[in-house]
Amino acid sequence: MTAVLQGFAVLGAIIALGALLAHVRLLGEESQQMLAKLAFFVASPALMITVMADADVATLFSLNLAVTSAAVVVSGSTFLLISRLWFKRAVPETVIGTLSSMYVNAGNLGLPIAAYVLGDASLVAPVLLLQLIVLQPLALAVLDRSTAAAGTSRRALTVRTVTNPLLLGALVGLALALTGWEMPMVLAEPVNLIAGMAVPSMLLAYGVSLRVGPRAGRGVGMIEVGTTVFLKLIIQPVSAFLIGWAVGLDEASLFAVVVLAALPAAQNVFVHAVRYNRGVVLARDSIFLSTVLCPVALLVIAGLLT
């Protein structure tokens with residue numbers, strides 16, 4: 001559990017730095033946009049390549065992946081239904097809210113937690129595969145189509161979807177994992193250096209938004225934010241436990257999928273919201289609250305399952 005708290009402390013320090021830089025006016029709203037675009041178009045695709053390329057193929061396509069996918073469907077579809085019937089939000093905002101309720105922080109927190117708490121970093125690989133190859137491309141495709149200007153051709157929308165930099169990075173990384181081919185040093189080193197910018201860029205942009213945007217709890221209904229957090233921290237891990245138990249996962253695997261399902265919403269969701277300028281405050285507040293409350297959820301899970 002110490003490793004979990006350390007992971008949260010690292011994230012909080014960089015977010016606080018972003019807020020401080022915005023407070024002293026070294027960074028502002030334009031800087032936030034620049035950092036988010038840098039993460040979306042450049043650094044995150046490089047990170048997708050490095051993460052997926054290092055994943056073990058046998059671990060990727062395991063029963064853990066099926067359980068994780070089912071829990072994600074439960075959480076995401078529940079918010080989708082509530083949003084359309086109750087909140088009555090437009091499609092782009094519904095997509096951002098749905099991601100906030102099911103897209104876990106697998107990179108920043110999942111990797112260290114899998115390594116130091118679960119004892120095997122590869123356990124987070126199925127989550128990464130699901131999010132990078134399925135959930136993220138699907139969400140971005142819907143965002144592309146729902147935010148496109150009137151009259152945009154079907155061909156233009158298709159091209160925009162298949163050339164999304166995050167999708168391309170994930171596919172390249174998956175291809176490297178499946179073939180076992182390693183990039184030459186002259187190519188691998190620049191990719192690794194650029195990938196190293198992804199997480200700091202996201203966190204700094206998020207910190208800036210906390211200072212220059214509406215205060216947490218303002219600008220979007222707290223019932224909606226509370227719904228995403230409830231689904232993320234309670235419904236998703238409970239679903240993972242029930243489904244994993246039903247299909248006969250061993251105790252170690254069951255504990256792993258439940259812990260990973262209880263991780264907070266990822267900063268990627270905020271980057272996507274900024275990129276499309278939809279649901280920005282909803283994503284920001286959902287990430288903030290789920291991150292703050294996540295240690296409590298993990299402590300409860302550890303107490304019940306260990």
# chains A, B, ... in the order shown; residues from 1 in each chain; ligands from 1
call {"tool": "closest_atom_pairs", "arguments": {"of": "stretch 25-117 of chain A", "to": "stretch 131-142 of chain A", "cutoff": "12 Å", "atoms": "only C-alpha atoms", "output": "tab-separated table"}}
result
residue	atom	partner	partner_atom	distance
A:Phe40	CA	A:Leu140	CA	11.5
A:Ser44	CA	A:Leu132	CA	10.8
A:Pro45	CA	A:Leu132	CA	10.1
A:Leu47	CA	A:Leu132	CA	10.9
A:Met48	CA	A:Leu132	CA	7.6
A:Ile49	CA	A:Leu132	CA	10.4
A:Val51	CA	A:Leu132	CA	10.1
A:Met52	CA	A:Leu132	CA	8.8
A:Leu60	CA	A:Ile133	CA	11.6
A:Leu65	CA	A:Gln131	CA	10.7
A:Thr68	CA	A:Gln131	CA	10.3
A:Ser69	CA	A:Gln131	CA	9.3
A:Val72	CA	A:Leu135	CA	9.4
A:Val73	CA	A:Leu135	CA	10.1
A:Gly76	CA	A:Leu135	CA	10.2
A:Ala90	CA	A:Val142	CA	11.8
A:Val91	CA	A:Val142	CA	8.1
A:Pro92	CA	A:Val142	CA	7.6
A:Glu93	CA	A:Val142	CA	10.9
A:Thr94	CA	A:Ala139	CA	10.2
A:Val95	CA	A:Ala139	CA	6.5
A:Ile96	CA	A:Ala139	CA	8.3
A:Gly97	CA	A:Ala139	CA	10.9
A:Thr98	CA	A:Ala139	CA	9.1
A:Leu99	CA	A:Ala139	CA	7.9
A:Ser100	CA	A:Ala139	CA	11.5
A:Met102	CA	A:Leu135	CA	9.5
A:Tyr103	CA	A:Gln131	CA	7.0
A:Val104	CA	A:Gln131	CA	8.4
A:Asn105	CA	A:Gln131	CA	10.1
A:Ala106	CA	A:Gln131	CA	8.9
A:Gly107	CA	A:Gln131	CA	10.6
call {"tool": "residues_around", "arguments": {"residues": "stretch 278-292 of chain A", "least_positions_apart": "3", "cutoff": "7 Å", "atoms": "only C-alpha atoms", "output": "list in words"}}
result
Pro92, Glu93, Ile96, Gly97, Ser100, Ala216, Gly217, Gly219, Val220, Val225, Thr228, Val229, Leu233, Pro264, Ala265, Ala266, Gln267, Val269, Phe270, Ala273 and Val274 of chain A
call {"tool": "write_last_selection", "arguments": {"atoms": "all heavy atoms", "output": "tab-separated table (two decimals), in the first residue's frame"}}
result
chain	number	residue	atom	x	y	z
A	92	PRO	N	-20.91	14.44	-27.46
A	92	PRO	CA	-19.51	14.58	-27.02
A	92	PRO	C	-19.35	14.58	-25.51
A	92	PRO	O	-18.44	13.92	-24.97
A	92	PRO	CB	-19.10	15.94	-27.62
A	92	PRO	CG	-20.02	16.15	-28.77
A	92	PRO	CD	-21.32	15.55	-28.34
A	93	GLU	N	-20.22	15.30	-24.80
A	93	GLU	CA	-20.14	15.32	-23.34
A	93	GLU	C	-20.46	13.95	-22.74
A	93	GLU	O	-19.88	13.55	-21.72
A	93	GLU	CB	-21.10	16.37	-22.78
A	93	GLU	CG	-20.65	17.81	-22.95
A	93	GLU	CD	-20.83	18.33	-24.38
A	93	GLU	OE1	-21.50	17.63	-25.19
A	93	GLU	OE2	-20.31	19.41	-24.68
A	96	ILE	N	-17.29	11.85	-23.00
A	96	ILE	CA	-16.31	12.22	-21.97
A	96	ILE	C	-16.74	11.68	-20.61
A	96	ILE	O	-15.92	11.14	-19.84
A	96	ILE	CB	-16.12	13.74	-21.91
A	96	ILE	CG1	-15.53	14.26	-23.23
A	96	ILE	CG2	-15.24	14.12	-20.73
A	96	ILE	CD1	-14.18	13.69	-23.57
A	97	GLY	N	-18.03	11.78	-20.28
A	97	GLY	CA	-18.52	11.25	-19.02
A	97	GLY	C	-18.39	9.74	-18.94
A	97	GLY	O	-18.04	9.19	-17.89
A	100	SER	N	-14.88	8.88	-18.28
A	100	SER	CA	-14.55	9.20	-16.89
A	100	SER	C	-15.04	8.11	-15.93
A	100	SER	O	-14.48	7.95	-14.84
A	100	SER	CB	-15.17	10.54	-16.48
A	100	SER	OG	-14.67	11.59	-17.27
A	216	ALA	N	-13.26	23.32	-8.56
A	216	ALA	CA	-13.87	21.99	-8.49
A	216	ALA	C	-15.26	22.08	-7.87
A	216	ALA	O	-15.44	22.70	-6.83
A	216	ALA	CB	-13.00	21.05	-7.66
A	217	GLY	N	-16.22	21.48	-8.54
A	217	GLY	CA	-17.59	21.53	-8.05
A	217	GLY	C	-18.42	22.63	-8.68
A	217	GLY	O	-19.61	22.73	-8.42
A	219	GLY	N	-19.35	24.78	-12.41
A	219	GLY	CA	-19.29	24.68	-13.86
A	219	GLY	C	-19.93	23.43	-14.41
A	219	GLY	O	-20.19	23.32	-15.58
A	220	VAL	N	-20.17	22.43	-13.56
A	220	VAL	CA	-20.86	21.22	-13.98
A	220	VAL	C	-21.54	20.63	-12.75
A	220	VAL	O	-21.04	20.76	-11.63
A	220	VAL	CB	-19.87	20.21	-14.60
A	220	VAL	CG1	-18.89	19.71	-13.55
A	220	VAL	CG2	-20.60	19.05	-15.26
A	225	VAL	N	-20.90	14.47	-11.77
A	225	VAL	CA	-19.54	14.10	-11.39
A	225	VAL	C	-19.59	12.94	-10.39
A	225	VAL	O	-18.83	11.96	-10.51
A	225	VAL	CB	-18.79	15.30	-10.78
A	225	VAL	CG1	-17.44	14.86	-10.22
A	225	VAL	CG2	-18.61	16.39	-11.81
A	228	THR	N	-20.15	9.59	-12.11
A	228	THR	CA	-18.95	9.01	-12.75
A	228	THR	C	-18.03	8.40	-11.71
A	228	THR	O	-17.47	7.32	-11.91
A	228	THR	CB	-18.20	10.06	-13.58
A	228	THR	OG1	-17.66	11.07	-12.72
A	228	THR	CG2	-19.08	10.70	-14.62
A	229	VAL	N	-17.85	9.10	-10.59
A	229	VAL	CA	-16.95	8.61	-9.55
A	229	VAL	C	-17.51	7.35	-8.89
A	229	VAL	O	-16.77	6.38	-8.62
A	229	VAL	CB	-16.69	9.71	-8.49
A	229	VAL	CG1	-15.87	9.17	-7.33
A	229	VAL	CG2	-15.99	10.91	-9.13
A	233	LEU	N	-15.29	3.95	-9.02
A	233	LEU	CA	-14.64	3.42	-7.83
A	233	LEU	C	-15.42	2.31	-7.13
A	233	LEU	O	-14.84	1.58	-6.32
A	233	LEU	CB	-14.37	4.54	-6.83
A	233	LEU	CG	-13.41	5.65	-7.28
A	233	LEU	CD1	-13.17	6.64	-6.15
A	233	LEU	CD2	-12.09	5.07	-7.76
A	264	PRO	N	-8.36	5.29	-10.38
A	264	PRO	CA	-9.15	6.48	-10.75
A	264	PRO	C	-9.17	6.70	-12.25
A	264	PRO	O	-8.44	6.05	-13.01
A	264	PRO	CB	-8.39	7.61	-10.04
A	264	PRO	CG	-6.99	7.12	-9.96
A	264	PRO	CD	-7.10	5.64	-9.71
A	265	ALA	N	-10.01	7.62	-12.68
A	265	ALA	CA	-10.09	7.98	-14.10
A	265	ALA	C	-8.75	8.55	-14.56
A	265	ALA	O	-8.06	9.24	-13.81
A	265	ALA	CB	-11.20	9.00	-14.33
A	266	ALA	N	-8.38	8.26	-15.79
A	266	ALA	CA	-7.06	8.63	-16.30
A	266	ALA	C	-7.01	10.07	-16.80
A	266	ALA	O	-8.00	10.62	-17.28
A	266	ALA	CB	-6.65	7.68	-17.43
A	267	GLN	N	-5.81	10.66	-16.73
A	267	GLN	CA	-5.62	12.01	-17.26
A	267	GLN	C	-5.85	12.08	-18.76
A	267	GLN	O	-6.14	13.15	-19.29
A	267	GLN	CB	-4.20	12.51	-16.93
A	267	GLN	CG	-4.05	13.12	-15.56
A	267	GLN	CD	-4.01	12.07	-14.47
A	267	GLN	OE1	-3.64	10.93	-14.71
A	267	GLN	NE2	-4.40	12.44	-13.26
A	269	VAL	N	-8.36	11.18	-20.32
A	269	VAL	CA	-9.73	11.65	-20.55
A	269	VAL	C	-9.76	13.18	-20.57
A	269	VAL	O	-10.44	13.78	-21.41
A	269	VAL	CB	-10.67	11.10	-19.46
A	269	VAL	CG1	-12.10	11.60	-19.70
A	269	VAL	CG2	-10.64	9.58	-19.42
A	270	PHE	N	-9.03	13.79	-19.67
A	270	PHE	CA	-8.96	15.26	-19.64
A	270	PHE	C	-8.31	15.79	-20.91
A	270	PHE	O	-8.77	16.79	-21.49
A	270	PHE	CB	-8.18	15.73	-18.42
A	270	PHE	CG	-7.95	17.21	-18.37
A	270	PHE	CD1	-8.99	18.08	-18.06
A	270	PHE	CD2	-6.70	17.75	-18.65
A	270	PHE	CE1	-8.79	19.45	-18.04
A	270	PHE	CE2	-6.49	19.11	-18.64
A	270	PHE	CZ	-7.54	19.97	-18.33
A	273	ALA	N	-10.81	15.67	-23.62
A	273	ALA	CA	-11.82	16.72	-23.43
A	273	ALA	C	-11.30	18.07	-23.90
A	273	ALA	O	-12.02	18.82	-24.57
A	273	ALA	CB	-12.23	16.78	-21.96
A	274	VAL	N	-10.05	18.37	-23.57
A	274	VAL	CA	-9.45	19.64	-24.01
A	274	VAL	C	-9.27	19.64	-25.51
A	274	VAL	O	-9.54	20.65	-26.19
A	274	VAL	CB	-8.09	19.86	-23.30
A	274	VAL	CG1	-7.39	21.09	-23.87
A	274	VAL	CG2	-8.30	20.04	-21.81
call {"tool": "residues_around", "arguments": {"residues": "A:Phe61", "least_positions_apart": "6", "cutoff": "10 Å", "atoms": "only C-alpha atoms", "output": "JSON, numbers by chain"}}
result
{"A": [125, 126, 129, 130]}
call {"tool": "residues_around", "arguments": {"residues": "stretch 196-206 of chain A", "least_positions_apart": "2", "cutoff": "9 Å", "atoms": "only C-alpha atoms", "output": "ChimeraX atom specification"}}
result
/A:11-12,14-19,21,29,31-36,38-40,42-47,107-108,191-194,208-210,267-268,270-271,284
call {"tool": "closest_residue", "arguments": {"among": "A:Leu85, A:Ile301, A:Leu263, A:Leu249", "to": "A:Val67", "atoms": "only C-alpha atoms"}}
result
A:Leu249
call {"tool": "closest_residue", "arguments": {"among": "A:Ala53, A:Leu298, A:Val238, A:Ala246", "to": "A:Ala177", "atoms": "only C-alpha atoms"}}
result
A:Ala53
call {"tool": "select_by_dssp", "arguments": {"residues": "stretch 29-196 of chain A", "states": "helix (DSSP H, G or I)", "output": "count of residues only"}}
result
137
call {"tool": "atom_distance", "arguments": {"atom1": "atom CA of A:Ile234", "atom2": "atom CA of A:Phe87"}}
result
20.4 Å
